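**Q** Next comes run.cif, mmCIF, C-alpha atoms:
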```cif
data_data
#
loop_
_atom_site.label_atom_id
_atom_site.label_comp_id
_atom_site.auth_asym_id
_atom_site.auth_seq_id
_atom_site.Cartn_x
_atom_site.Cartn_y
_atom_site.Cartn_z
CA MET O 1 0.00 0.00 0.00
CA ALA O 2 2.77 2.39 0.96
CA SER O 3 4.73 1.58 -2.20
CA ALA O 4 1.64 2.30 -4.29
CA VAL O 5 1.34 5.72 -2.71
CA VAL O 6 4.99 6.44 -3.41
CA GLU O 7 4.65 5.26 -7.01
CA SER O 8 1.58 7.47 -7.43
CA ALA O 9 3.51 10.48 -6.13
CA GLN O 10 6.40 9.73 -8.48
CA ARG O 11 4.11 9.39 -11.52
CA VAL O 12 2.68 12.90 -11.11
CA ARG O 13 6.12 14.45 -10.70
CA ARG O 14 6.88 16.55 -13.75
CA PRO O 15 10.23 16.69 -15.58
CA TRP O 16 12.50 19.60 -14.64
CA TYR O 17 11.78 21.60 -17.79
CA ARG O 18 8.06 21.69 -16.90
CA GLN O 19 8.61 22.79 -13.31
CA LEU O 20 7.56 26.33 -12.40
CA TYR O 21 10.81 27.14 -10.60
CA THR O 22 12.80 26.37 -13.75
CA TRP O 23 10.87 28.95 -15.76
CA VAL O 24 11.00 31.48 -12.92
CA LEU O 25 14.79 31.13 -12.82
CA ALA O 26 14.89 31.58 -16.59
CA GLY O 27 12.74 34.70 -16.27
CA MET O 28 15.04 36.14 -13.61
CA ALA O 29 18.14 35.48 -15.72
CA ALA O 30 16.56 37.02 -18.82
CA GLY O 31 15.52 40.07 -16.79
CA VAL O 32 19.06 40.62 -15.54
CA ILE O 33 20.45 40.34 -19.07
CA VAL O 34 17.90 42.78 -20.53
CA GLY O 35 18.49 45.19 -17.64
CA LEU O 36 22.23 45.23 -18.34
CA VAL O 37 22.05 45.31 -22.13
CA ALA O 38 19.09 47.66 -22.66
CA PRO O 39 18.43 49.56 -19.41
CA GLY O 40 16.13 52.10 -21.09
CA PHE O 41 13.85 49.40 -22.44
CA ALA O 42 14.12 47.41 -19.21
CA THR O 43 12.69 50.21 -17.08
CA SER O 44 9.53 50.17 -19.21
CA LEU O 45 8.96 46.52 -18.22
CA GLU O 46 8.08 47.42 -14.64
CA VAL O 47 4.42 47.11 -15.60
CA LEU O 48 4.86 43.35 -16.10
CA GLY O 49 6.04 42.81 -12.54
CA ASP O 50 3.48 45.18 -11.04
CA THR O 51 0.64 43.56 -12.97
CA PHE O 52 1.61 40.06 -11.88
CA VAL O 53 1.93 41.00 -8.21
CA GLY O 54 -1.38 42.83 -8.49
CA LEU O 55 -3.09 39.73 -9.89
CA LEU O 56 -1.95 37.73 -6.87
CA THR O 57 -2.53 40.34 -4.20
CA MET O 58 -6.09 40.98 -5.43
CA LEU O 59 -6.90 37.55 -4.01
CA LEU O 60 -5.11 37.86 -0.67
CA GLY O 61 -8.01 39.30 1.30
CA PRO O 62 -10.65 36.82 0.06
CA ILE O 63 -8.24 33.89 0.49
CA VAL O 64 -7.39 34.83 4.07
CA PHE O 65 -11.10 35.25 4.83
CA CYS O 66 -12.12 31.89 3.34
CA MET O 67 -9.21 29.96 4.89
CA VAL O 68 -9.74 31.32 8.41
CA VAL O 69 -13.54 31.09 8.35
CA SER O 70 -13.67 27.54 6.99
CA GLY O 71 -10.89 26.46 9.34
CA ILE O 72 -12.61 27.80 12.46
CA ALA O 73 -15.99 26.44 11.37
CA ALA O 74 -14.46 23.02 10.70
CA VAL O 75 -12.81 22.56 14.11
CA ASN O 76 -15.85 24.02 15.91
CA ARG O 77 -13.69 24.61 19.01
CA LEU O 78 -13.10 28.20 20.01
CA ARG O 79 -10.39 27.19 22.46
CA HIS O 80 -8.45 25.75 19.52
CA VAL O 81 -8.50 29.13 17.77
CA GLY O 82 -7.31 30.91 20.92
CA ALA O 83 -4.42 28.48 21.29
CA ILE O 84 -3.32 29.14 17.71
CA ALA O 85 -3.40 32.90 18.24
CA LEU O 86 -1.47 32.82 21.54
CA ARG O 87 1.18 30.43 20.25
CA SER O 88 1.58 32.44 17.05
CA ILE O 89 2.10 35.71 18.94
CA ALA O 90 4.63 34.11 21.28
CA TYR O 91 6.50 32.55 18.36
CA PHE O 92 6.49 35.78 16.34
CA GLU O 93 7.94 37.85 19.18
CA ILE O 94 10.72 35.38 19.93
CA VAL O 95 11.81 34.89 16.32
CA THR O 96 11.66 38.56 15.29
CA THR O 97 13.70 39.49 18.38
CA LEU O 98 16.33 36.94 17.33
CA ALA O 99 16.36 38.47 13.84
CA LEU O 100 16.88 41.97 15.26
CA LEU O 101 19.68 40.79 17.55
CA LEU O 102 21.41 38.90 14.74
CA GLY O 103 21.32 41.99 12.52
CA LEU O 104 22.69 44.12 15.36
CA LEU O 105 25.51 41.65 15.98
CA ALA O 106 26.45 41.47 12.29
CA VAL O 107 26.56 45.24 11.75
CA ASN O 108 28.74 45.71 14.83
CA LEU O 109 31.16 43.02 13.70
CA VAL O 110 31.42 44.00 10.02
CA ARG O 111 30.84 47.78 10.45
CA PRO O 112 30.05 48.41 6.76
CA GLY O 113 29.54 52.17 7.28
CA ASP O 114 32.94 52.91 8.74
CA GLY O 115 35.15 55.19 6.66
CA LEU O 116 32.41 56.79 4.56
CA ALA O 117 32.51 60.03 6.61
CA VAL O 118 29.30 61.45 5.15
CA ASP O 119 28.34 65.00 6.12
CA PRO O 120 24.64 65.03 7.18
CA ALA O 121 24.30 68.61 5.92
CA GLN O 122 24.96 67.41 2.37
CA LEU O 123 22.04 64.97 2.41
CA GLN O 124 18.78 66.30 0.97
CA LEU O 125 15.54 64.35 1.05
CA THR O 126 13.91 63.84 -2.36
CA ASP O 127 10.16 64.31 -2.73
CA GLU O 128 9.57 60.55 -2.79
CA VAL O 129 11.63 59.94 0.34
CA SER O 130 10.04 62.92 2.09
CA ALA O 131 6.61 61.41 1.45
CA ARG O 132 7.68 58.13 3.04
CA VAL O 133 9.31 59.86 5.99
CA ASP O 134 6.12 61.86 6.53
CA ALA O 135 4.11 58.64 6.44
CA ALA O 136 6.38 57.21 9.11
CA SER O 137 6.31 60.28 11.35
CA GLU O 138 2.51 60.40 11.28
CA MET O 139 2.24 56.90 12.79
CA SER O 140 1.83 56.74 16.57
CA TRP O 141 1.65 53.68 18.81
CA THR O 142 -2.14 53.83 18.71
CA ASP O 143 -2.09 53.42 14.94
CA TYR O 144 -0.52 49.98 15.31
CA VAL O 145 -3.45 48.92 17.51
CA LEU O 146 -6.31 50.68 15.74
CA GLN O 147 -5.36 49.37 12.31
CA ILE O 148 -6.41 45.89 13.45
CA PHE O 149 -10.07 46.88 13.82
CA PRO O 150 -11.98 47.60 10.59
CA LYS O 151 -14.32 50.58 10.36
CA ASN O 152 -15.76 49.33 7.09
CA ILE O 153 -15.05 45.74 6.13
CA VAL O 154 -15.86 46.40 2.47
CA ALA O 155 -13.19 49.12 2.46
CA SER O 156 -10.80 46.70 4.19
CA PHE O 157 -11.21 44.19 1.37
CA ALA O 158 -10.86 46.94 -1.23
CA GLU O 159 -7.65 48.26 0.35
CA GLY O 160 -6.19 44.82 1.09
CA ALA O 161 -5.92 45.47 4.84
CA ILE O 162 -4.92 41.93 5.84
CA LEU O 163 -5.04 42.45 9.61
CA GLN O 164 -8.55 43.90 9.46
CA ILE O 165 -9.72 41.10 7.18
CA LEU O 166 -8.18 38.56 9.54
CA PHE O 167 -9.96 40.12 12.53
CA PHE O 168 -13.31 40.04 10.70
CA ALA O 169 -12.71 36.47 9.49
CA VAL O 170 -12.10 35.27 13.05
CA LEU O 171 -15.34 36.90 14.22
CA PHE O 172 -17.22 35.43 11.26
CA GLY O 173 -15.82 31.95 11.88
CA VAL O 174 -16.62 32.14 15.60
CA ALA O 175 -20.19 33.16 14.75
CA LEU O 176 -20.55 30.14 12.43
CA ALA O 177 -19.20 27.88 15.18
CA VAL O 178 -21.69 29.30 17.70
CA LEU O 179 -24.65 28.82 15.32
CA GLY O 180 -23.66 25.21 14.68
CA ASP O 181 -25.79 23.19 12.24
CA ARG O 182 -27.80 26.21 11.11
CA ALA O 183 -24.68 27.84 9.71
CA ARG O 184 -23.24 24.71 8.11
CA PRO O 185 -24.43 25.58 4.56
CA VAL O 186 -22.67 28.96 4.85
CA ALA O 187 -19.46 27.28 6.02
CA ARG O 188 -19.59 24.84 3.08
CA ALA O 189 -20.14 27.70 0.65
CA VAL O 190 -17.15 29.62 2.03
CA ASP O 191 -15.05 26.46 1.74
CA ARG O 192 -16.01 26.02 -1.93
CA ILE O 193 -15.28 29.68 -2.68
CA GLY O 194 -11.83 29.14 -1.16
CA GLU O 195 -11.22 26.24 -3.56
CA VAL O 196 -12.18 28.45 -6.50
CA LEU O 197 -9.82 31.20 -5.33
CA PHE O 198 -6.89 28.78 -5.07
CA THR O 199 -7.67 27.52 -8.57
CA ILE O 200 -7.40 31.13 -9.78
CA VAL O 201 -4.08 31.49 -7.94
CA ARG O 202 -2.79 28.36 -9.62
CA LEU O 203 -3.76 29.70 -13.04
CA VAL O 204 -2.29 33.16 -12.37
CA THR O 205 0.96 31.58 -11.17
CA TYR O 206 1.61 30.33 -14.69
CA ALA O 207 2.39 33.96 -15.53
CA ALA O 208 5.10 34.07 -12.85
CA PRO O 209 8.08 33.81 -15.27
CA VAL O 210 6.81 36.84 -17.22
CA GLY O 211 6.14 38.86 -14.05
CA VAL O 212 9.51 37.99 -12.57
CA PHE O 213 11.23 38.86 -15.86
CA GLY O 214 9.65 42.34 -15.85
CA ALA O 215 10.40 43.04 -12.18
CA MET O 216 14.03 41.93 -12.44
CA ALA O 217 14.63 43.79 -15.70
CA TYR O 218 13.28 47.00 -14.16
CA THR O 219 15.42 46.65 -11.03
CA VAL O 220 18.67 46.11 -12.90
CA GLY O 221 17.86 48.58 -15.67
CA HIS O 222 16.71 51.38 -13.37
CA PHE O 223 19.40 51.18 -10.69
CA GLY O 224 22.27 49.52 -12.55
CA VAL O 225 25.31 47.75 -11.18
CA ALA O 226 27.24 50.99 -10.68
CA THR O 227 24.59 52.30 -8.30
CA ILE O 228 25.25 49.57 -5.78
CA GLY O 229 29.04 49.56 -6.05
CA ALA O 230 29.68 52.01 -3.24
CA LEU O 231 27.25 50.25 -0.91
CA LEU O 232 28.14 46.70 -1.85
CA LYS O 233 29.52 45.99 1.62
CA LEU O 234 26.16 46.76 3.23
CA ILE O 235 24.30 44.63 0.69
CA GLY O 236 26.75 41.77 1.19
CA THR O 237 26.41 42.02 4.97
CA PHE O 238 22.61 41.97 4.68
CA TYR O 239 22.53 38.95 2.37
CA GLY O 240 25.10 37.11 4.49
CA THR O 241 23.20 37.81 7.71
CA SER O 242 19.93 36.73 6.09
CA ILE O 243 21.47 33.45 4.96
CA ALA O 244 22.84 32.88 8.47
CA PHE O 245 19.38 33.55 9.93
CA VAL O 246 17.71 31.09 7.56
CA VAL O 247 20.30 28.36 8.16
CA VAL O 248 20.93 28.79 11.88
CA VAL O 249 17.68 30.21 13.32
CA LEU O 250 14.99 28.86 10.99
CA GLY O 251 16.93 25.65 10.39
CA GLY O 252 17.42 25.21 14.13
CA ILE O 253 13.72 25.77 14.81
CA LEU O 254 12.79 23.16 12.22
CA LEU O 255 15.18 20.67 13.78
CA LEU O 256 13.62 21.31 17.20
CA VAL O 257 10.25 20.19 15.86
CA ARG O 258 11.93 17.32 13.96
CA LEU O 259 11.41 18.66 10.46
CA ASN O 260 14.17 18.42 7.86
CA PRO O 261 15.33 21.97 6.95
CA LEU O 262 16.61 21.03 3.49
CA HIS O 263 13.38 19.26 2.57
CA THR O 264 11.35 22.16 3.94
CA PHE O 265 13.21 24.82 1.98
CA ARG O 266 13.03 22.73 -1.20
CA TYR O 267 9.30 22.15 -0.68
CA PHE O 268 8.71 25.90 -0.71
CA LYS O 269 11.21 26.63 -3.53
CA ASP O 270 8.56 27.97 -5.91
CA GLU O 271 7.39 30.50 -3.32
CA ILE O 272 10.99 31.48 -2.48
CA LEU O 273 11.80 32.20 -6.12
CA LEU O 274 8.50 34.00 -6.62
CA ALA O 275 9.20 36.30 -3.67
CA LEU O 276 12.76 36.88 -4.90
CA GLY O 277 11.82 37.65 -8.48
CA ALA O 278 8.77 39.78 -7.68
CA SER O 279 10.48 41.45 -4.71
CA SER O 280 7.28 40.92 -2.73
CA SER O 281 6.45 38.55 0.12
CA GLU O 282 2.75 39.10 -0.66
CA ALA O 283 3.14 37.18 -3.91
CA ALA O 284 4.20 34.05 -2.01
CA ILE O 285 1.39 33.97 0.58
CA PRO O 286 -1.25 32.05 -1.45
CA GLY O 287 1.27 29.38 -2.42
CA ILE O 288 2.56 29.00 1.14
CA VAL O 289 -0.96 28.58 2.52
CA ALA O 290 -1.83 26.04 -0.18
CA LYS O 291 1.29 23.95 0.46
CA LEU O 292 0.76 24.01 4.23
CA THR O 293 -2.76 22.64 3.80
CA ARG O 294 -1.41 19.95 1.45
CA LEU O 295 0.75 18.73 4.33
CA GLY O 296 -2.35 18.38 6.51
CA VAL O 297 -2.11 21.70 8.34
CA ASP O 298 -5.57 22.84 9.42
CA LYS O 299 -7.00 25.60 7.20
CA GLY O 300 -7.58 27.85 10.19
CA THR O 301 -4.05 27.37 11.46
CA ALA O 302 -2.52 28.06 8.04
CA GLY O 303 -4.73 31.08 7.43
CA ILE O 304 -4.26 32.69 10.83
CA THR O 305 -0.53 32.01 11.14
CA VAL O 306 0.56 33.10 7.66
CA SER O 307 -1.74 36.12 7.36
CA ALA O 308 -0.90 37.38 10.87
CA GLY O 309 2.78 36.66 10.21
CA TYR O 310 2.58 38.93 7.18
CA SER O 311 2.36 41.82 9.66
CA PHE O 312 3.98 40.47 12.83
CA ASN O 313 6.63 38.01 11.66
CA LEU O 314 8.74 39.90 9.11
CA ASP O 315 12.13 38.37 9.91
CA GLY O 316 13.91 39.73 6.84
CA THR O 317 12.64 43.23 7.55
CA CYS O 318 13.88 43.01 11.14
CA ILE O 319 17.40 42.17 9.95
CA TYR O 320 17.20 45.04 7.45
CA LEU O 321 16.16 47.52 10.16
CA THR O 322 19.08 46.89 12.50
CA LEU O 323 21.65 46.71 9.71
CA THR O 324 20.59 49.86 7.87
CA SER O 325 19.98 51.96 11.00
CA MET O 326 23.43 51.19 12.35
CA PHE O 327 24.99 51.55 8.89
CA ILE O 328 23.59 55.10 8.63
CA ALA O 329 24.96 55.94 12.09
CA GLN O 330 28.39 54.56 11.19
CA ALA O 331 28.45 56.38 7.83
CA LEU O 332 27.59 59.69 9.54
CA GLY O 333 30.27 59.13 12.19
CA ILE O 334 27.73 58.71 15.02
CA ASP O 335 29.03 56.30 17.66
CA LEU O 336 26.08 54.69 19.44
CA ASP O 337 26.76 53.12 22.83
CA LEU O 338 25.09 49.93 24.04
CA GLY O 339 22.23 51.79 25.69
CA GLN O 340 21.39 53.71 22.51
CA GLN O 341 21.55 50.54 20.44
CA LEU O 342 19.17 48.80 22.84
CA LEU O 343 16.85 51.81 22.52
CA LEU O 344 16.90 51.36 18.76
CA LEU O 345 16.13 47.68 19.26
CA ALA O 346 13.14 48.50 21.48
CA VAL O 347 11.75 50.92 18.88
CA MET O 348 12.22 48.31 16.14
CA LEU O 349 10.21 45.74 18.10
CA LEU O 350 7.25 48.05 17.57
CA SER O 351 8.05 49.63 14.21
CA SER O 352 8.62 46.21 12.60
CA LYS O 353 4.96 45.32 13.20
CA GLY O 354 1.95 46.34 11.24
CA THR O 355 3.22 48.29 8.24
CA ALA O 356 2.79 45.45 5.78
CA GLY O 357 0.77 46.62 2.81
CA VAL O 358 2.21 50.15 3.06
CA THR O 359 4.05 51.18 -0.11
CA GLY O 360 7.75 50.71 0.56
CA GLY O 361 6.88 49.14 3.93
CA GLY O 362 10.46 48.26 4.86
CA PHE O 363 11.67 51.77 4.10
CA VAL O 364 8.75 53.27 6.06
CA MET O 365 9.75 51.10 9.04
CA LEU O 366 13.32 52.35 8.74
CA SER O 367 12.14 55.97 8.65
CA THR O 368 9.93 55.33 11.67
CA THR O 369 12.85 53.92 13.65
CA VAL O 370 15.26 56.73 12.75
CA SER O 371 12.78 59.54 13.39
CA ALA O 372 11.49 58.06 16.67
CA THR O 373 14.89 57.97 18.39
CA SER O 374 16.20 61.43 17.37
CA VAL O 375 19.70 59.96 17.61
CA ILE O 376 20.25 59.58 13.86
CA PRO O 377 19.35 62.42 11.41
CA VAL O 378 16.33 61.46 9.30
CA SER O 379 18.15 62.66 6.19
CA GLY O 380 20.51 59.71 6.65
CA VAL O 381 17.94 57.39 5.10
CA MET O 382 18.96 58.84 1.73
CA LEU O 383 22.16 56.79 2.00
CA VAL O 384 20.26 53.52 1.55
CA PHE O 385 17.27 54.63 -0.51
CA GLY O 386 19.00 53.92 -3.83
CA ILE O 387 19.73 50.30 -2.95
CA ASP O 388 16.52 49.57 -1.04
CA ARG O 389 15.08 47.64 -3.99
CA PHE O 390 18.07 45.28 -4.05
CA MET O 391 17.62 44.51 -0.37
CA SER O 392 13.83 44.27 -0.61
CA GLU O 393 14.19 41.12 -2.70
CA CYS O 394 16.13 39.40 0.07
CA ARG O 395 13.68 40.76 2.67
CA ALA O 396 10.81 39.22 0.74
CA VAL O 397 12.48 35.80 0.63
CA VAL O 398 13.30 35.70 4.35
CA ASN O 399 9.86 37.04 5.29
CA SER O 400 8.18 34.34 3.19
CA LEU O 401 10.36 31.54 4.50
CA GLY O 402 9.86 32.74 8.07
CA ASN O 403 6.09 32.57 7.73
CA ALA O 404 6.20 29.16 6.04
CA VAL O 405 8.27 27.83 8.94
CA ALA O 406 5.93 29.52 11.43
CA GLY O 407 2.94 27.70 9.92
CA LEU O 408 4.72 24.35 10.22
CA VAL O 409 5.87 24.98 13.79
CA ILE O 410 2.45 26.08 15.05
CA ALA O 411 0.85 23.08 13.33
CA ARG O 412 3.35 20.74 15.04
CA TRP O 413 2.62 22.35 18.42
CA GLN O 414 -1.09 21.88 17.75
CA GLY O 415 -0.53 18.22 16.89
CA GLU O 416 -2.02 18.65 13.41
CA ILE O 417 0.89 17.10 11.52
CA SER O 418 3.54 14.53 12.35
CA SER O 419 7.18 15.14 11.60
CA SER O 420 7.64 11.80 9.83
CA ALA O 421 4.65 12.27 7.52
CA ALA O 422 5.53 15.90 6.75
CA ASN O 423 9.17 15.03 6.00
CA ALA O 424 8.05 12.21 3.70
CA VAL O 425 5.79 14.54 1.70
CA MET O 426 8.30 17.40 1.52
CA SER O 427 11.05 15.04 0.35
CA GLY O 428 8.79 13.62 -2.38
CA LYS O 429 8.74 10.12 -0.90
CA SER O 430 5.02 10.19 -0.16
CA ALA O 431 1.88 11.68 -1.67
CA PRO O 432 0.39 14.62 0.28
CA PRO O 433 -2.51 13.71 2.59
CA VAL O 434 -4.53 16.61 1.20
CA PRO O 435 -4.51 16.90 -2.62
CA LEU O 436 -4.12 20.31 -4.21
CA THR O 437 -7.65 20.81 -5.54
CA SER O 438 -6.61 23.82 -7.56
CA GLU O 439 -4.53 21.86 -10.10
CA PRO O 440 -5.37 23.15 -13.59
CA GLU O 441 -5.39 19.58 -14.95
CA LYS O 442 -8.28 18.73 -12.67
CA VAL O 443 -10.17 21.78 -13.79
CA SER O 444 -9.78 20.99 -17.46
CA GLY O 445 -10.53 17.30 -16.91
CA ARG O 446 -7.22 16.03 -18.19
#
```
Give the structure from this file in structure tokens form.

**A**
Amino acid sequence: MASAVVESAQRVRRPWYRQLYTWVLAGMAAGVIVGLVAPGFATSLEVLGDTFVGLLTMLLGPIVFCMVVSGIAAVNRLRHVGAIALRSIAYFEIVTTLALLLGLLAVNLVRPGDGLAVDPAQLQLTDEVSARVDAASEMSWTDYVLQIFPKNIVASFAEGAILQILFFAVLFGVALAVLGDRARPVARAVDRIGEVLFTIVRLVTYAAPVGVFGAMAYTVGHFGVATIGALLKLIGTFYGTSIAFVVVVLGGILLLVRLNPLHTFRYFKDEILLALGASSSEAAIPGIVAKLTRLGVDKGTAGITVSAGYSFNLDGTCIYLTLTSMFIAQALGIDLDLGQQLLLLAVMLLSSKGTAGVTGGGFVMLSTTVSATSVIPVSGVMLVFGIDRFMSECRAVVNSLGNAVAGLVIARWQGEISSSAANAVMSGKSAPPVPLTSEPEKVSGR
């Protein structure tokens, strides 16, 4: 019986040239080449990347709603939902703090800003940066709390306010659970709508190579290799620290719950490449949720953990915040003592939460941190603005991986999946317990 399952899984495995990640890699490579050879033409291709990300993000709100509602209605235990929320919050705080500390350690060891000797008086904020700084300065601590509660749920869906949609979805699911049998037809309808949405995601994902090609061509063509030359040490430090975080912290967490890190990262390879090429962690969320449910993770757990993690578990952004803040201080010749660095860390614990969905969210977080402490001149953010796009791609990858791992860890704590079964599926040795109902072949009847 077991061998039959394995043989079935092997039969549906496609050759490498028909795998999505192969074409995404080809799209990335072609984008880099076009960006280097014809930068003028490459900048006009930004619309391809923006359109693709828009096609995916238009479904985020409805997908989160359907996943959370159907998951809560299915378990019919409100205590179960509370346990997921509490464990997720605890996990998010621990892991993001580790990311901040790792970034702080790396920037103090490497000190990429030393020797630049930049005069703050020579830095002038552009109109675009000024707008983002203003957006950061206008945010108070109450904004982080109030943005969770929707004033108009229709507007929340229209604006893609994930936290507000999540809050409403939890209330909706709890109401269905309280009503019991009377609400069962509604729960089934929501579940079917969710299947339709994931089918749409699967179809849209076929355009990923084109979207990634456009986004990568624009990045290389617009900024160019010469733009990043002077700040290559900071970029290298950021990428190196991010790799260390993924291998040591995320890999260590997976080992603690007896999941194979290599199999896990390979299982989510399509989402990793999608986030890298599109420079957006949002683009990877539908795929991460779908693959978690394929492993047997409860829909409610996957929906709550990943969607909440999109705002509260941005590991890559946390590393970026500590590195760039300290880099600016070093470049301006500002020597921060341990107490001032810990103050920065405390501000980042707050500023790293809740600005997902804001245009240039990582840069807004950086501006919030710098302006809140009054230790580093706000104009210093101009030093990293030109290379922010290059670092946003790495941020997106680490953020996506961090939320994928969070979903697995919470599911293991909840007892929803076993390590042996999950490892077997992720390694390709076993068929998934929950089939991916959104396969295009099933839709077309082939």

**Q** Tell me which of O:Gly71, O:Gly309, O:Gly113, O:Gly35 sits closest to Ile288 in chain O, counting all atoms listed in the file.

**A** O:Gly309

**Q** Separation of CA of Gly316 in chain O and CA of Val201 in chain O, in Å?

**A** 24.7 Å

**Q** Kindly give the distance, in Å, that separates CA of His222 in chain O and CA of Asp315 in chain O, rounded to a single decimal.

**A** 27.1 Å

**Q** With all atoms listed in the file as the basis for distance, which of O:Ser418, O:Asn152, O:Ser367, O:Ser70 is at the shortest distance from Gly380 in chain O?

**A**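 Among the listed residues, O:Ser367 lies closest to Gly380 in chain O.
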
**Q** What's the separation between CA of His263 in chain O and CA of Ala404 in chain O, in Å to one decimal place?

**A** 12.7 Å

**Q** So that I can see what lies close to Asp337 in chain O, please list as a count of residues only the residues with an atom at most 12 Å from it, counting all atoms listed in the file and leaving out residues fewer than 6 positions away in the same chain.

**A** 7

**Q** Which residue out of O:Leu314, O:Leu273, O:Met391, O:Ala217 has the minimum interatomic distance to Leu45 in chain O when all atoms listed in the file are used?

**A**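 That would be O:Ala217, the residue with the smallest distance to Leu45 in chain O.
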